[in-house]
file upload_34.cif (mmCIF, C-alpha atoms)
data_target
loop_
_atom_site.group_PDB
_atom_site.id
_atom_site.type_symbol
_atom_site.label_atom_id
_atom_site.label_comp_id
_atom_site.auth_asym_id
_atom_site.auth_seq_id
_atom_site.Cartn_x
_atom_site.Cartn_y
_atom_site.Cartn_z
ATOM 1 C CA MET A 89 103.753 109.860 60.435
ATOM 2 C CA SER A 90 103.358 111.666 63.760
ATOM 3 C CA ARG A 91 101.567 114.975 63.878
ATOM 4 C CA ARG A 92 103.676 118.015 64.615
ATOM 5 C CA ARG A 93 102.775 119.707 67.875
ATOM 6 C CA LYS A 94 101.390 123.206 67.605
ATOM 7 C CA GLY A 95 103.231 125.827 69.598
ATOM 8 C CA ARG A 96 106.780 126.380 70.723
ATOM 9 C CA ASP A 97 108.843 124.614 73.359
ATOM 10 C CA VAL A 98 108.444 126.513 76.616
ATOM 11 C CA ASN A 99 109.903 125.060 79.805
ATOM 12 C CA GLY A 100 109.361 126.285 83.334
ATOM 13 C CA ILE A 101 106.793 127.251 85.958
ATOM 14 C CA LEU A 102 104.652 130.377 85.994
ATOM 15 C CA VAL A 103 102.804 131.242 89.193
ATOM 16 C CA ILE A 104 99.530 133.036 88.497
ATOM 17 C CA ASP A 105 97.314 134.949 90.923
ATOM 18 C CA LYS A 106 94.067 133.386 89.738
ATOM 19 C CA PRO A 107 91.210 135.888 89.543
ATOM 20 C CA GLN A 108 87.708 135.153 90.788
ATOM 21 C CA GLY A 109 84.963 133.910 88.495
ATOM 22 C CA VAL A 110 87.026 131.827 86.075
ATOM 23 C CA THR A 111 88.104 128.192 86.074
ATOM 24 C CA SER A 112 91.700 127.102 86.553
ATOM 25 C CA ASN A 113 91.617 125.428 83.148
ATOM 26 C CA GLY A 114 90.331 128.644 81.586
ATOM 27 C CA ILE A 115 93.326 130.511 83.017
ATOM 28 C CA LEU A 116 95.668 127.742 81.842
ATOM 29 C CA GLN A 117 94.392 127.947 78.259
ATOM 30 C CA GLN A 118 94.611 131.748 78.285
ATOM 31 C CA VAL A 119 98.216 131.749 79.512
ATOM 32 C CA LYS A 120 99.159 128.908 77.165
ATOM 33 C CA ARG A 121 97.970 131.048 74.229
ATOM 34 C CA LEU A 122 99.875 134.093 75.494
ATOM 35 C CA TYR A 123 103.060 132.023 75.552
ATOM 36 C CA GLY A 124 102.272 130.137 72.346
ATOM 37 C CA ALA A 125 103.296 127.039 74.289
ATOM 38 C CA ALA A 126 103.030 123.513 72.936
ATOM 39 C CA LYS A 127 102.537 121.836 76.309
ATOM 40 C CA ALA A 128 101.171 123.119 79.611
ATOM 41 C CA GLY A 129 99.238 121.975 82.665
ATOM 42 C CA HIS A 130 98.160 123.235 86.081
ATOM 43 C CA THR A 131 98.836 121.655 89.455
ATOM 44 C CA GLY A 132 95.392 121.345 90.993
ATOM 45 C CA ALA A 133 92.226 123.269 90.225
ATOM 46 C CA LEU A 134 90.799 126.104 92.268
ATOM 47 C CA ASP A 135 87.050 126.695 92.335
ATOM 48 C CA PRO A 136 85.826 129.616 90.180
ATOM 49 C CA LEU A 137 85.046 131.458 93.436
ATOM 50 C CA ALA A 138 88.634 131.075 94.649
ATOM 51 C CA THR A 139 91.603 133.321 93.931
ATOM 52 C CA GLY A 140 95.312 133.099 94.572
ATOM 53 C CA VAL A 141 98.322 130.899 93.957
ATOM 54 C CA LEU A 142 97.975 128.755 90.823
ATOM 55 C CA PRO A 143 101.278 127.297 89.532
ATOM 56 C CA LEU A 144 101.233 126.498 85.803
ATOM 57 C CA CYS A 145 103.776 124.073 84.331
ATOM 58 C CA PHE A 146 105.181 124.275 80.820
ATOM 59 C CA GLY A 147 107.093 121.671 78.856
ATOM 60 C CA GLU A 148 109.606 119.734 80.940
ATOM 61 C CA ALA A 149 108.149 121.132 84.174
ATOM 62 C CA THR A 150 104.929 119.171 83.576
ATOM 63 C CA LYS A 151 106.867 116.054 84.578
ATOM 64 C CA PHE A 152 106.672 117.309 88.173
ATOM 65 C CA SER A 153 103.009 118.346 88.191
ATOM 66 C CA GLN A 154 101.936 115.425 90.379
ATOM 67 C CA LEU A 155 104.543 116.213 93.035
ATOM 68 C CA MET A 156 103.330 119.810 93.058
ATOM 69 C CA LEU A 157 99.734 118.635 93.282
ATOM 70 C CA ASP A 158 100.665 116.509 96.314
ATOM 71 C CA SER A 159 102.189 119.470 98.181
ATOM 72 C CA ASP A 160 100.747 121.210 101.239
ATOM 73 C CA LYS A 161 98.444 124.188 100.680
ATOM 74 C CA ALA A 162 97.419 127.304 102.622
ATOM 75 C CA TYR A 163 94.331 129.499 102.373
ATOM 76 C CA ILE A 164 92.569 132.493 103.853
ATOM 77 C CA THR A 165 88.799 132.132 103.888
ATOM 78 C CA THR A 166 85.721 133.995 105.048
ATOM 79 C CA ALA A 167 82.849 131.901 106.418
ATOM 80 C CA ARG A 168 79.295 133.206 106.459
ATOM 81 C CA LEU A 169 77.606 131.769 109.538
ATOM 82 C CA GLY A 170 73.964 130.789 109.850
ATOM 83 C CA VAL A 171 73.424 129.906 106.184
ATOM 84 C CA ARG A 172 73.941 126.553 104.460
ATOM 85 C CA THR A 173 74.121 126.332 100.667
ATOM 86 C CA GLU A 174 74.000 123.474 98.170
ATOM 87 C CA THR A 175 77.635 123.845 97.196
ATOM 88 C CA GLY A 176 79.124 124.971 100.510
ATOM 89 C CA ASP A 177 79.965 128.371 99.025
ATOM 90 C CA SER A 178 78.168 131.541 97.974
ATOM 91 C CA GLU A 179 77.623 130.271 94.430
ATOM 92 C CA GLY A 180 75.088 127.668 95.591
ATOM 93 C CA ALA A 181 71.418 128.045 96.444
ATOM 94 C CA VAL A 182 70.538 128.542 100.113
ATOM 95 C CA VAL A 183 69.153 125.326 101.646
ATOM 96 C CA ASP A 184 68.873 126.278 105.329
ATOM 97 C CA GLU A 185 69.156 129.265 107.657
ATOM 98 C CA GLN A 186 69.649 129.135 111.416
ATOM 99 C CA PRO A 187 70.344 131.806 114.048
ATOM 100 C CA VAL A 188 74.002 132.414 114.836
ATOM 101 C CA PRO A 189 74.884 131.942 118.536
ATOM 102 C CA ALA A 190 74.738 135.289 120.307
ATOM 103 C CA GLY A 191 77.954 136.929 121.465
ATOM 104 C CA LEU A 192 80.168 134.713 119.305
ATOM 105 C CA ASN A 193 83.820 135.458 120.032
ATOM 106 C CA ALA A 194 87.251 133.878 120.050
ATOM 107 C CA GLU A 195 86.720 132.405 123.533
ATOM 108 C CA ILE A 196 83.710 130.453 122.251
ATOM 109 C CA LEU A 197 85.201 129.577 118.857
ATOM 110 C CA GLU A 198 88.675 128.401 119.849
ATOM 111 C CA PRO A 199 87.606 125.134 121.579
ATOM 112 C CA ILE A 200 85.517 124.271 118.513
ATOM 113 C CA LEU A 201 88.289 125.134 116.072
ATOM 114 C CA ASP A 202 90.703 123.021 118.121
ATOM 115 C CA THR A 203 88.696 119.887 117.303
ATOM 116 C CA PHE A 204 89.525 120.459 113.631
ATOM 117 C CA ARG A 205 93.280 120.877 114.107
ATOM 118 C CA GLY A 206 95.675 118.016 113.423
ATOM 119 C CA ASN A 207 94.649 114.724 111.820
ATOM 120 C CA ILE A 208 90.935 114.667 110.998
ATOM 121 C CA GLU A 209 88.490 112.734 108.812
ATOM 122 C CA GLN A 210 86.691 114.761 106.147
ATOM 123 C CA VAL A 211 83.808 113.809 103.859
ATOM 124 C CA PRO A 212 84.379 115.474 100.457
ATOM 125 C CA SER A 213 81.680 117.750 99.083
ATOM 126 C CA MET A 214 79.329 116.427 96.403
ATOM 127 C CA TYR A 215 80.343 119.555 94.504
ATOM 128 C CA SER A 216 83.933 118.394 94.009
ATOM 129 C CA ALA A 217 85.945 117.033 91.096
ATOM 130 C CA LEU A 218 86.439 113.648 92.766
ATOM 131 C CA LYS A 219 85.283 110.934 90.405
ATOM 132 C CA HIS A 220 82.736 108.148 90.815
ATOM 133 C CA ASN A 221 82.507 105.626 87.966
ATOM 134 C CA GLY A 222 84.565 107.953 85.813
ATOM 135 C CA ARG A 223 82.370 111.018 86.361
ATOM 136 C CA PRO A 224 83.098 113.957 88.701
ATOM 137 C CA LEU A 225 80.839 114.146 91.737
ATOM 138 C CA TYR A 226 79.561 117.604 90.802
ATOM 139 C CA GLU A 227 77.867 116.129 87.706
ATOM 140 C CA TYR A 228 75.830 113.809 89.934
ATOM 141 C CA ALA A 229 75.114 116.677 92.342
ATOM 142 C CA ARG A 230 73.716 118.842 89.547
ATOM 143 C CA GLN A 231 71.323 115.993 88.684
ATOM 144 C CA GLY A 232 70.194 115.757 92.293
ATOM 145 C CA ILE A 233 71.962 112.424 92.826
ATOM 146 C CA GLU A 234 73.703 111.871 96.161
ATOM 147 C CA ILE A 235 76.712 109.511 96.106
ATOM 148 C CA GLU A 236 77.983 108.000 99.339
ATOM 149 C CA ARG A 237 81.480 109.334 100.000
ATOM 150 C CA PRO A 238 83.774 107.710 102.554
ATOM 151 C CA ALA A 239 85.575 110.061 104.941
ATOM 152 C CA ARG A 240 89.199 110.670 104.028
ATOM 153 C CA PRO A 241 92.097 111.458 106.361
ATOM 154 C CA VAL A 242 93.576 114.955 106.022
ATOM 155 C CA THR A 243 95.802 117.030 108.271
ATOM 156 C CA ILE A 244 95.105 120.604 109.316
ATOM 157 C CA TYR A 245 98.520 121.922 110.344
ATOM 158 C CA GLU A 246 97.266 125.385 111.217
ATOM 159 C CA LEU A 247 93.759 126.774 111.761
ATOM 160 C CA THR A 248 93.917 130.381 112.907
ATOM 161 C CA LEU A 249 90.975 132.629 113.720
ATOM 162 C CA LEU A 250 91.825 135.991 112.144
ATOM 163 C CA ASP A 251 88.617 137.853 112.897
ATOM 164 C CA VAL A 252 85.035 137.246 113.992
ATOM 165 C CA ARG A 253 82.048 139.462 113.307
ATOM 166 C CA GLU A 254 78.320 139.138 113.983
ATOM 167 C CA ASN A 255 77.743 136.471 111.308
ATOM 168 C CA GLU A 256 81.167 136.006 109.722
ATOM 169 C CA MET A 257 84.623 134.787 110.612
ATOM 170 C CA ASP A 258 87.959 134.867 108.811
ATOM 171 C CA LEU A 259 90.249 131.843 109.033
ATOM 172 C CA ALA A 260 93.782 131.029 107.905
ATOM 173 C CA VAL A 261 94.314 127.345 107.089
ATOM 174 C CA LYS A 262 97.422 125.322 106.272
ATOM 175 C CA CYS A 263 96.681 121.731 105.303
ATOM 176 C CA THR A 264 97.604 118.644 103.351
ATOM 177 C CA LYS A 265 96.526 117.988 99.772
ATOM 178 C CA GLY A 266 92.948 116.884 99.292
ATOM 179 C CA THR A 267 91.557 119.120 102.033
ATOM 180 C CA TYR A 268 88.316 120.825 101.032
ATOM 181 C CA ILE A 269 87.999 124.227 102.680
ATOM 182 C CA ARG A 270 84.281 124.322 101.861
ATOM 183 C CA SER A 271 83.790 121.070 103.751
ATOM 184 C CA LEU A 272 85.910 122.334 106.644
ATOM 185 C CA VAL A 273 83.816 125.505 106.922
ATOM 186 C CA GLU A 274 80.573 123.527 106.667
ATOM 187 C CA ASP A 275 81.731 121.162 109.434
ATOM 188 C CA ILE A 276 82.703 124.072 111.680
ATOM 189 C CA GLY A 277 79.280 125.623 111.046
ATOM 190 C CA ASP A 278 77.594 122.345 111.965
ATOM 191 C CA ALA A 279 79.645 122.188 115.170
ATOM 192 C CA LEU A 280 78.356 125.673 116.013
ATOM 193 C CA GLY A 281 74.812 124.488 115.345
ATOM 194 C CA CYS A 282 74.048 127.175 112.773
ATOM 195 C CA GLY A 283 75.710 126.032 109.563
ATOM 196 C CA ALA A 284 78.125 128.018 107.408
ATOM 197 C CA HIS A 285 79.403 128.472 103.877
ATOM 198 C CA VAL A 286 82.442 130.014 102.175
ATOM 199 C CA THR A 287 82.110 133.508 100.734
ATOM 200 C CA VAL A 288 85.823 134.249 100.149
ATOM 201 C CA LEU A 289 88.624 131.780 99.433
ATOM 202 C CA ARG A 290 92.166 132.809 98.613
ATOM 203 C CA ARG A 291 95.008 130.321 98.254
ATOM 204 C CA THR A 292 98.217 131.719 99.710
ATOM 205 C CA LEU A 293 100.550 128.704 99.306
ATOM 206 C CA ALA A 294 100.918 125.871 96.794
ATOM 207 C CA ALA A 295 103.988 123.830 95.794
ATOM 208 C CA GLY A 296 106.130 126.113 97.964
ATOM 209 C CA PHE A 297 105.022 129.238 96.072
ATOM 210 C CA THR A 298 103.290 132.171 97.777
ATOM 211 C CA LEU A 299 101.359 135.244 96.658
ATOM 212 C CA GLU A 300 104.676 137.112 96.431
ATOM 213 C CA ASP A 301 105.645 134.793 93.564
ATOM 214 C CA CYS A 302 102.458 135.459 91.584
ATOM 215 C CA HIS A 303 101.856 137.347 88.364
ATOM 216 C CA SER A 304 98.482 138.618 87.199
ATOM 217 C CA ILE A 305 96.825 137.965 83.860
ATOM 218 C CA GLU A 306 96.691 141.747 83.361
ATOM 219 C CA GLN A 307 100.481 141.922 83.770
ATOM 220 C CA LEU A 308 101.006 139.244 81.119
ATOM 221 C CA GLU A 309 98.612 140.873 78.664
ATOM 222 C CA SER A 310 100.215 144.292 79.195
ATOM 223 C CA MET A 311 103.682 142.861 78.525
ATOM 224 C CA ARG A 312 102.483 141.213 75.314
ATOM 225 C CA GLU A 313 100.907 144.460 74.128
ATOM 226 C CA GLU A 314 104.234 146.207 74.716
ATOM 227 C CA GLY A 315 106.079 143.521 72.744
ATOM 228 C CA LEU A 316 107.944 142.232 75.815
ATOM 229 C CA SER A 317 108.912 138.578 76.221
ATOM 230 C CA LEU A 318 107.081 136.646 78.923
ATOM 231 C CA ASP A 319 109.792 133.993 79.190
ATOM 232 C CA GLY A 320 111.657 135.950 81.855
ATOM 233 C CA LEU A 321 108.761 135.399 84.258
ATOM 234 C CA LEU A 322 109.233 131.618 84.180
ATOM 235 C CA ARG A 323 110.869 129.782 87.050
ATOM 236 C CA GLU A 324 113.093 126.768 86.508
ATOM 237 C CA PRO A 325 111.413 123.329 86.729
ATOM 238 C CA ASP A 326 113.346 122.503 89.911
ATOM 239 C CA SER A 327 112.054 125.594 91.751
ATOM 240 C CA ALA A 328 109.110 123.577 93.082
ATOM 241 C CA LEU A 329 111.359 120.754 94.348
ATOM 242 C CA SER A 330 113.445 122.609 96.930
ATOM 243 C CA MET A 331 112.113 120.365 99.727
ATOM 244 C CA PHE A 332 114.229 117.487 98.364
ATOM 245 C CA PRO A 333 118.005 117.048 98.850
ATOM 246 C CA GLU A 334 120.260 117.668 95.856
ATOM 247 C CA ARG A 335 123.289 115.892 94.444
ATOM 248 C CA GLU A 336 125.744 116.921 91.721
ATOM 249 C CA LEU A 337 126.801 114.095 89.392
ATOM 250 C CA GLU A 338 129.657 114.006 86.929
ATOM 251 C CA GLY A 339 131.597 111.807 84.545
ATOM 252 C CA GLU A 340 130.478 108.262 83.827
ATOM 253 C CA VAL A 341 127.988 108.355 86.707
ATOM 254 C CA LEU A 342 126.169 111.278 85.066
ATOM 255 C CA VAL A 343 126.234 109.628 81.639
ATOM 256 C CA SER A 344 124.803 106.385 83.025
ATOM 257 C CA LEU A 345 122.019 108.191 84.859
ATOM 258 C CA LEU A 346 121.095 110.222 81.756
ATOM 259 C CA ASN A 347 120.835 106.898 79.911
ATOM 260 C CA GLY A 348 118.211 105.825 82.435
ATOM 261 C CA GLN A 349 120.451 103.536 84.493
ATOM 262 C CA PRO A 350 120.595 103.412 88.326
ATOM 263 C CA VAL A 351 123.901 104.701 89.693
ATOM 264 C CA ARG A 352 125.752 104.400 92.991
ATOM 265 C CA ILE A 353 127.350 107.367 94.750
ATOM 266 C CA PRO A 354 129.197 107.726 98.064
ATOM 267 C CA GLY A 355 127.701 109.464 101.083
ATOM 268 C CA GLN A 356 124.387 109.242 102.844
ATOM 269 C CA PHE A 357 121.200 111.309 102.674
ATOM 270 C CA PRO A 358 117.556 110.533 103.491
ATOM 271 C CA ALA A 359 116.041 107.875 101.254
ATOM 272 C CA GLY A 360 113.451 109.177 98.790
ATOM 273 C CA PRO A 361 113.322 111.848 96.091
ATOM 274 C CA VAL A 362 116.549 113.702 95.263
ATOM 275 C CA ARG A 363 117.237 116.573 92.868
ATOM 276 C CA LEU A 364 119.991 115.737 90.414
ATOM 277 C CA TYR A 365 122.407 118.132 88.710
ATOM 278 C CA GLY A 366 125.167 117.735 86.153
ATOM 279 C CA ASP A 367 127.514 120.425 84.851
ATOM 280 C CA GLY A 368 125.571 122.929 86.924
ATOM 281 C CA GLN A 369 122.261 122.093 85.245
ATOM 282 C CA PHE A 370 119.191 120.427 86.704
ATOM 283 C CA VAL A 371 118.868 117.043 84.988
ATOM 284 C CA GLY A 372 115.910 115.570 86.829
ATOM 285 C CA LEU A 373 114.532 113.873 89.886
ATOM 286 C CA GLY A 374 115.742 110.534 91.160
ATOM 287 C CA GLU A 375 114.979 108.278 94.090
ATOM 288 C CA GLY A 376 117.687 107.422 96.565
ATOM 289 C CA PHE A 377 118.110 104.112 98.400
ATOM 290 C CA ALA A 378 120.684 103.358 101.079
ATOM 291 C CA GLU A 379 123.239 100.837 99.866
ATOM 292 C CA GLY A 380 126.068 100.049 102.257
ATOM 293 C CA GLU A 381 127.999 103.235 102.969
ATOM 294 C CA GLY A 382 126.632 104.919 99.846
ATOM 295 C CA MET A 383 123.384 105.484 98.004
ATOM 296 C CA GLN A 384 121.839 104.019 94.899
ATOM 297 C CA ILE A 385 119.989 106.575 92.791
ATOM 298 C CA VAL A 386 117.280 105.437 90.395
ATOM 299 C CA PRO A 387 116.253 108.029 87.766
ATOM 300 C CA ARG A 388 112.521 108.834 87.945
ATOM 301 C CA ARG A 389 111.915 112.048 85.959
ATOM 302 C CA LEU A 390 114.716 113.294 83.701
ATOM 303 C CA VAL A 391 114.519 116.586 81.818
ATOM 304 C CA LYS A 392 115.896 117.640 78.448
ATOM 305 C CA ASN A 393 118.311 120.536 78.476
ATOM 306 C CA GLY A 394 119.347 122.612 75.493
#

call {"tool": "encode", "arguments": {"input": "upload_34.cif", "output": "structure tokens"}}
result
Amino acid sequence: MSRRRKGRDVNGILVIDKPQGVTSNGILQQVKRLYGAAKAGHTGALDPLATGVLPLCFGEATKFSQLMLDSDKAYITTARLGVRTETGDSEGAVVDEQPVPAGLNAEILEPILDTFRGNIEQVPSMYSALKHNGRPLYEYARQGIEIERPARPVTIYELTLLDVRENEMDLAVKCTKGTYIRSLVEDIGDALGCGAHVTVLRRTLAAGFTLEDCHSIEQLESMREEGLSLDGLLREPDSALSMFPERELEGEVLVSLLNGQPVRIPGQFPAGPVRLYGDGQFVGLGEGFAEGEGMQIVPRRLVKNG
């Protein structure tokens, strides 16, 4: 006999403005309790130091967590120059201090920043959640064990110098998944010859959501205290999939697809993921393949409605 899940069925996406000093999982568990939800997950952890856009998925929306995790991200960060730390941010112990080049300005910084724009190779920090033999790297780092990490390709779409002060600079970064801003800042500091670490990190974009889409934990708690429903804050599961084309299905084609069978439809659109709708409702994500003058659609992630 299967165990009954605790909590109610909640479906949708809630975008939280993560506060500083707490883990992403801690926020997830807090919000899950506020909703009384049976199933929830986040779409990529932020460091405790970091704040900003943290999409949380509930119920049927968790089926698209990986796609959201794979999306491009954007950040605003402050780098403290002249100081290296164990972790690459202000939470780690200082390991080295060097003088910052005198008269540092945009004219000096821009050629250096330009070497980090576009496709680059990045060595992940030892203080990351990447796993080695089933254990996250940060566990080895805390034991003083250094694991060799191969460089990984990432793309920095935008790297904008917002401000530069005597020993600090503010940067805006837009990048592919898997980019470590701490590592980027450390590498820029090394290129300057003085080292650097992150003191402020705020995520401004994830899975297509921005800070304008965010809700605070304080807002949720206040609504609960006033007896207001939080469900109205949820976005539909397909709200994070707007980058994919959509197709409306009907009749026998819709029935076959909902039964898990590939279907063929007329017309052409780019091969790959496609949002699928039936009777005006989102029914899931499929994958399209060109087939003659039409397309074959294979169901990949179907959702339950009603």

call {"tool": "residues_around", "arguments": {"input": "upload_34.cif", "residues": "Glu324 in chain A", "least_positions_apart": "3", "cutoff": "12 Å", "atoms": "only C-alpha atoms", "output": "list in words"}}
result
Val98, Asn99, Gly100, Ile101, Leu102, Val103, Leu144, Cys145, Phe146, Gly147, Glu148, Ala149, Thr150, Phe152, Asp319, Gly320, Leu321, Ser327, Ala328, Leu329, Ser330, Gln369, Phe370, Val371, Gly372, Val391 and Asn393 of chain A

call {"tool": "residues_around", "arguments": {"input": "upload_34.cif", "residues": "range 225-240 of chain A", "least_positions_apart": "2", "cutoff": "10 Å", "atoms": "only C-alpha atoms", "output": "PyMOL selection string"}}
result
chain A and resi 174-175+208-223+242+266-267

call {"tool": "resolve_selection", "arguments": {"input": "upload_34.cif", "expression": "the PyMOL selection byres ((chain A and resi 348) around 9)", "output": "list in words"}}
result
Val343, Ser344, Leu345, Leu346, Asn347, Gln349, Pro350, Val386, Pro387, Arg388 and Leu390 of chain A

call {"tool": "resolve_selection", "arguments": {"input": "upload_34.cif", "expression": "the PyMOL selection byres ((chain A and resi 116) around 8)", "output": "ChimeraX atom specification"}}
result
/A:112-115,117-120,128-130,144

call {"tool": "residues_near_point", "arguments": {"input": "upload_34.cif", "point": "(86.1, 133.2, 114.6)", "cutoff": "6 Å", "atoms": "only C-alpha atoms", "output": "PyMOL selection string"}}
result
chain A and resi 194+197+249+251-252+257

call {"tool": "closest_residue", "arguments": {"input": "upload_34.cif", "among": "A:Pro325, A:Gly140, A:Gly355, A:Gly368", "to": "Glu381 in chain A", "atoms": "all atoms listed in the file"}}
result
A:Gly355

call {"tool": "closest_residue", "arguments": {"input": "upload_34.cif", "among": "A:Gln307, A:Thr166, A:Gln384, A:Thr243", "to": "Glu256 in chain A", "atoms": "all atoms listed in the file"}}
result
A:Thr166

call {"tool": "decode", "arguments": {"input": "upload_34.cif", "residues": "range 301-343 of chain A", "atoms": "C-alpha atoms", "output": "short mmCIF file (atom, residue, chain, number, x, y, z; two decimals), in the first residue's frame"}}
result
data_model
loop_
_atom_site.label_atom_id
_atom_site.label_comp_id
_atom_site.auth_asym_id
_atom_site.auth_seq_id
_atom_site.Cartn_x
_atom_site.Cartn_y
_atom_site.Cartn_z
CA ASP A 301 8.42 39.08 -11.17
CA CYS A 302 9.66 38.41 -7.63
CA HIS A 303 7.83 38.20 -4.33
CA SER A 304 9.46 38.48 -0.92
CA ILE A 305 9.19 36.03 1.95
CA GLU A 306 7.85 38.91 4.07
CA GLN A 307 5.03 39.44 1.55
CA LEU A 308 4.04 35.77 1.72
CA GLU A 309 4.10 35.68 5.51
CA SER A 310 2.06 38.90 5.73
CA MET A 311 -0.58 37.48 3.38
CA ARG A 312 -0.83 34.29 5.43
CA GLU A 313 -1.24 36.28 8.64
CA GLU A 314 -4.08 38.20 7.01
CA GLY A 315 -5.75 34.95 5.92
CA LEU A 316 -5.18 35.64 2.21
CA SER A 317 -4.58 32.85 -0.31
CA LEU A 318 -1.10 32.65 -1.79
CA ASP A 319 -2.26 30.69 -4.84
CA GLY A 320 -2.91 33.87 -6.82
CA LEU A 321 0.82 34.61 -6.83
CA LEU A 322 1.58 31.42 -8.78
CA ARG A 323 2.40 31.54 -12.47
CA GLU A 324 1.30 28.81 -14.86
CA PRO A 325 3.82 25.99 -15.53
CA ASP A 326 4.25 27.13 -19.14
CA SER A 327 5.29 30.67 -18.13
CA ALA A 328 8.94 29.59 -18.08
CA LEU A 329 8.73 28.02 -21.57
CA SER A 330 7.89 31.08 -23.67
CA MET A 331 11.13 30.68 -25.67
CA PHE A 332 9.63 27.62 -27.40
CA PRO A 333 7.06 27.68 -30.24
CA GLU A 334 3.50 26.65 -29.42
CA ARG A 335 0.92 24.51 -31.19
CA GLU A 336 -2.79 23.98 -30.49
CA LEU A 337 -3.98 20.39 -30.92
CA GLU A 338 -7.51 19.08 -31.14
CA GLY A 339 -9.63 16.02 -31.80
CA GLU A 340 -8.03 12.62 -32.25
CA VAL A 341 -4.56 14.17 -32.53
CA LEU A 342 -4.92 15.63 -29.03
CA VAL A 343 -6.28 12.38 -27.61
#
